[in-house]
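In what follows, a structure is listed as structure tokens, so that the remarks can point back to it.
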Amino acid sequence: MKRSSAEIVREYGPFPGVEQVGGVSFDGQCVWFAAGDTLQAMDPVSGKTVQSIDVPAHAGTAFDGQYLYQLADERIRKVDPKTGQVLATIPGPPGGGSGLAWAEGSLWVGQYRNRKIHQIDAETGAILRTIECSRFVTGVTWVDGELWHGTWEGDESDVRHIDPQTGEVLERLEMPPGTGVSGLESNGSDQFFCGGGGSGKIRAIRRPKRV
Amino acid sequence: MDSLITAAARALAAGDPLCALNWVALREDAPALALRGIAMAQLGELDRARVLVRRAARAFGPKEAVARAKCIVAETEIALASRDLSWPAAPLDAARVTLEQHGDRLNAAHARYLEIRRLLLIGHLDEAEFTLAEFDPDLFPPALRTAHELVVAGIAIRRLHAKTALAALARAQQVAHRAAIPALTAEVENVSRTLNAPAARLLANGKERMLRLEDVEALQTSNAFLVDACSHAVRDEHNAVSLAKRPVLFVLVRALGEAWPADVPRDTLIAVAFRAKFIDESHRARLRVEIGRLRKALRALAKITATRRGFSLLPHDKRLVMVLKRPVDERYGAVLALLADGQSWSSSSLALALGASQRTVQRALDTLAANGKVQSLGHGRARRWMTPPIPGFTTALLLPTPLPGD
């Protein structure tokens with residue numbers, strides 16, 4: 001396993017009226033983040049919020065290329081980012097969840113204190129598979145076939161690359177003390193966006209280069 | 001971070017504990033236990049709440065120091081609300097330091113306020129005031145500011161500083177409104193009501209009238225000779241003599257004060273002071289002794305002259321004599337008078353001061369407690385008694401949500 005310190009490229013926020021940043025997602029242009037009662041879109045170039053959708057947004061956020069998925073209590077709402085309409089409500093895994101990612105036709109739900117990541121059917125919510133993790137799981141994201149998730153236990157937080165089959169940790173990017181990762185999403189290439197929980201911030205960190 | 005925990009925490013913050021329980025009722029992990037505890041506290045199930053919060057504190061891992069510290073603060077607040085003030089100070093203080101070290105200024109302040117509220121409730125007014133002076137309430141959110149103003153008001157009421165108390169309550173009303181926590185608003189209103197209710201009766205020039213706390217305060221600076229039956233003291237603007245621990249002397253001076261400018265016959269004084277049915281020479285001798293003691297005690301304030309049939313009061317500089325009494329004459333007035341000093345008393349020290357048996361005092365306290373006239377803190381030997389009204393903080397739990405990383 002490789003260990004290194006996370007390199008914070010940029011900090012966004014805090015945003016007006018937002019006390020907590022939960023899940024984060026990226027639609028290719030905007031970073032969407034869960035802000036409690038709203039799902040907000042931020043332009044990563046200007047750092048300004050450009051859109052806000054009224055939907056319960058307590059935890060993870062995901063984007064499947066067309067629609068957003070937002071986790072709140074035990075439900076996942078499928079939201080059209082263009083109209084703000086809720087198109088469907090999918091049952092989440094029992095006990096709720098923390099992180100949410102979309103990849104390979106499935107939704108991936110991280111469970112914080114259960115230290116698990118579930119692969120669930122994006123239509124029915126049925127649990128297809130469960131990956132056991134060694135730490136409290138916050139955000140979950142897939143990039144270039146790599147499964148990454150955030151962890152947060154007390155003061156310690158990191159972003160780790162795990163083997164989706166075995167759950168083995170392959171790589172860890174350690175966040176500076178007191179910098180928590182509540183949500184995680186890659187920008188599809190060289191960066192991750194990390195929700196900062198109660199700090200109300202979003203941080204962009206560098207994804208290690210592949211040789 | 002965790003969708004159910006977040007949903008439950010939001011429900012709690014919005015004052016909906018039942019909705020919060022719906023999300024976490026069956027979960028046994030640390031944050032769920034903590035939230036269940038806080039929901040139980042909001043529902044008034046304080047014993048259950050304390051067990052849950054304590055379990056949560058144990059269940060949080062060693063790396064979750066802040067969450068654990070918040071649990072300790074919550075447990076202390078529950079103890080305060082259930083009037084168990086015998087908690088050890090060390091864990092709360094350690095929790096406060098942890099919170100400060102992690103930059104959680106608000107919850108650290110909250111922990112400090114719990115300590116101040118305890119000091120107020122157990123009658124350590126100076127210490128409470130001293131600690132309170134560290135804070136600038138303007139830096140806090142409305143709920144904490146309300147708590148601050150309630151403590152200021154509580155100290156002022158205990159000290160009979162009506163103007164200070166009224167000003168603090170007015171500020172409390174404003175900020176409580178902004179906090180939008182119904183229990184907190186009710187608490188402030190409750191205190192305002194007590195402050196506007198008659199606090200005492202004043203007998204002067206043969207006439208009696210009701211006084212509010214601010215009138216009582218104004219009396220402290222009058223140049224009259226005041227026999228204060230609320231605190232069992234005698235005073236003018238220069239001198240004050242407490243007779244709280246000498247009830248017989250107080251009964252005598254009160255009788256003399258109420259009769260002033262007339263004198264009081266010996267037999268009447270003997271009857272009120274010694275509760276004697278048949279008066280003999282030994283009572284007269286005892287009266288002479290007690291009057292002698294009273295003369296000595298009041299030397300700076302007044303003379304007591306013997307008349308043909310008894311004694312009369314003669315304040316220095318021919319001052320007007322006034323008697324301040326409780327709004328309603330109480331049975332067990334002597335017990336109440338001792339407690340009126342705002343300090344907390346054990347029943348054994350009350351018995352000692354009153355020259356009564358422990359059993360008698362205990363009976364009086366039980367009756368007074370049943371009527372809401374006194375309240376007790378602690379259990380067993382540590383049990384202490386005191387009088388309301390001061391802000392009691394019975395309902396307004398401002399418990400921090402003990403989530404990691406929030």
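Chain labels run A, B, ... following the order of the structure tokens; each chain numbers its residues from 1, and ligands are numbered from 1 in the order shown.
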
What are the closest atom pairs, with distances in Å to one decimal, for all residues of chain B lying within 9 Å of chain A? Consider only C-alpha atoms, order rows by chain and residue number, and present the result as a tab-separated table.
residue	atom	partner	partner_atom	distance
B:Met1	CA	A:Ser98	CA	5.0
B:Asp2	CA	A:Ser98	CA	4.2
B:Ser3	CA	A:Asp73	CA	4.7
B:Leu4	CA	A:Asp73	CA	4.4
B:Ile5	CA	A:Asp73	CA	7.8
B:Thr6	CA	A:His58	CA	5.8
B:Ala7	CA	A:Asp73	CA	5.5
B:Ala8	CA	A:Asp73	CA	8.2
B:Arg10	CA	A:Gly36	CA	8.5
B:Trp23	CA	A:Asp73	CA	7.4
B:Val24	CA	A:Gly95	CA	8.5
B:Arg27	CA	A:Gly95	CA	8.0
B:Asp29	CA	A:Arg113	CA	7.3
B:Ala30	CA	A:Arg113	CA	8.8
B:Phe60	CA	A:Gly154	CA	9.0
B:Gly61	CA	A:Gly154	CA	7.9
B:Pro62	CA	A:Gly154	CA	8.2
B:Lys63	CA	A:Gly154	CA	4.9
B:Glu64	CA	A:Gly154	CA	3.8
B:Ala65	CA	A:Gly154	CA	6.6
B:Val66	CA	A:Gly154	CA	7.2
B:Ala67	CA	A:Gly154	CA	7.6
B:His102	CA	A:Gly178	CA	8.0
B:Pro404	CA	A:Gly154	CA	5.8
B:Gly405	CA	A:Gly154	CA	6.4
B:Asp406	CA	A:Gly198	CA	4.3

Inset, instruction - Taking the chain letters and numbering used in this document, name the residues of range 98-203 of chain B that DSSP puts in strand (DSSP E or B), as a list of chain:residue names. - result: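 Those in range 98-203 of chain B that DSSP calls strand (DSSP E or B) are B:Ala200, B:Arg201, B:Leu202, B:Leu203.
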
Just-selected residues, C-alpha atoms written as a compact mmCIF listing (two decimals), in the first residue's frame:
# COMPACT_ATOMS: atom_id res chain seq x y z
CA ALA B 200 -43.04 41.19 49.53
CA ARG B 201 -45.38 43.26 51.75
CA LEU B 202 -44.25 46.43 53.42
CA LEU B 203 -45.68 47.67 56.68

Inset, instruction - Rounded to one decimal place, report the CA of Thr166 in chain A-CA of Tyr69 in chain A distance in Å. - result: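 Computing it gives 26.1 Å between the two atoms.
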
Legend entry - 12 Å contact set for Gln165 in chain A, only C-alpha atoms, chain neighbours under 6 positions out, as a PyMOL selection string: chain A and resi 117-119+129-133+146-147

Inset, instruction - Considering only C-alpha atoms, return as a list in words whatever protein or nucleic-acid residues lie within 7 Å of range 115-120 of chain B, sequence-local ones (same chain, fewer than 3 positions apart) excluded. - result: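 Once the adjacent positions are removed, what remains is Leu85, Ala111, Arg112, Gly123, His124, Leu125, Glu127, Ala128, Thr131, Leu132, Val151 and Ile155 of chain B.
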
Legend entry - Spatial neighbours of Glu214 in chain B, max dist 8 Å, only C-alpha atoms, sep filter under 3 positions, as a PyMOL selection string: chain B and resi 160-163+211+217-218

Inset, instruction - Can you work out the spacing between CA of Leu195 in chain B and CA of Lys373 in chain B in Å, to one decimal? - result: 15.6 Å

Inset, instruction - Please provide the set of residues having any atom within 12 Å of Lys82 in chain A, restricted to only C-alpha atoms, with same-chain residues fewer than 6 positions apart removed, written as a ChimeraX atom specification. - result: /A:27,41,51-53,66-68

Inset, instruction - Please provide the set of residues having any atom within 10 Å of Leu128 in chain A, restricted to only C-alpha atoms, with same-chain residues fewer than 6 positions apart removed, written as an NGL selection string. - result: :A and (106-108 or 118-121)

Inset, instruction - In Å, rounded to a single decimal, give me how far CA of Leu80 in chain B is from CA of Asn107 in chain B. - result: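 Computing the Euclidean distance for CA of Asn107 in chain B and CA of Leu80 in chain B yields 16.1 Å.
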
Inset, instruction - Using only C-alpha atoms, pick whichever of B:Thr185, B:Thr268, B:Ser349, B:Ser312 has the shortest atom-to-atom distance to Arg171 in chain B. - result: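 Comparing B:Thr185, B:Thr268, B:Ser349, B:Ser312 against Arg171 in chain B, the winner is B:Thr185.
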
Inset, instruction - Would you please work out which residue, of B:Gly257, B:Gly310, B:Pro31, B:Pro182, is nearest to Val234 in chain B when using only C-alpha atoms? - result: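 Smallest separation from Val234 in chain B among the options: B:Gly257.
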
Inset, instruction - Rank A:Ile205, A:Leu39, A:Cys30, A:Val9 by their smallest atom-to-atom distance to Phe193 in chain A, using only C-alpha atoms, and report the top residue only. - result: A:Ile205
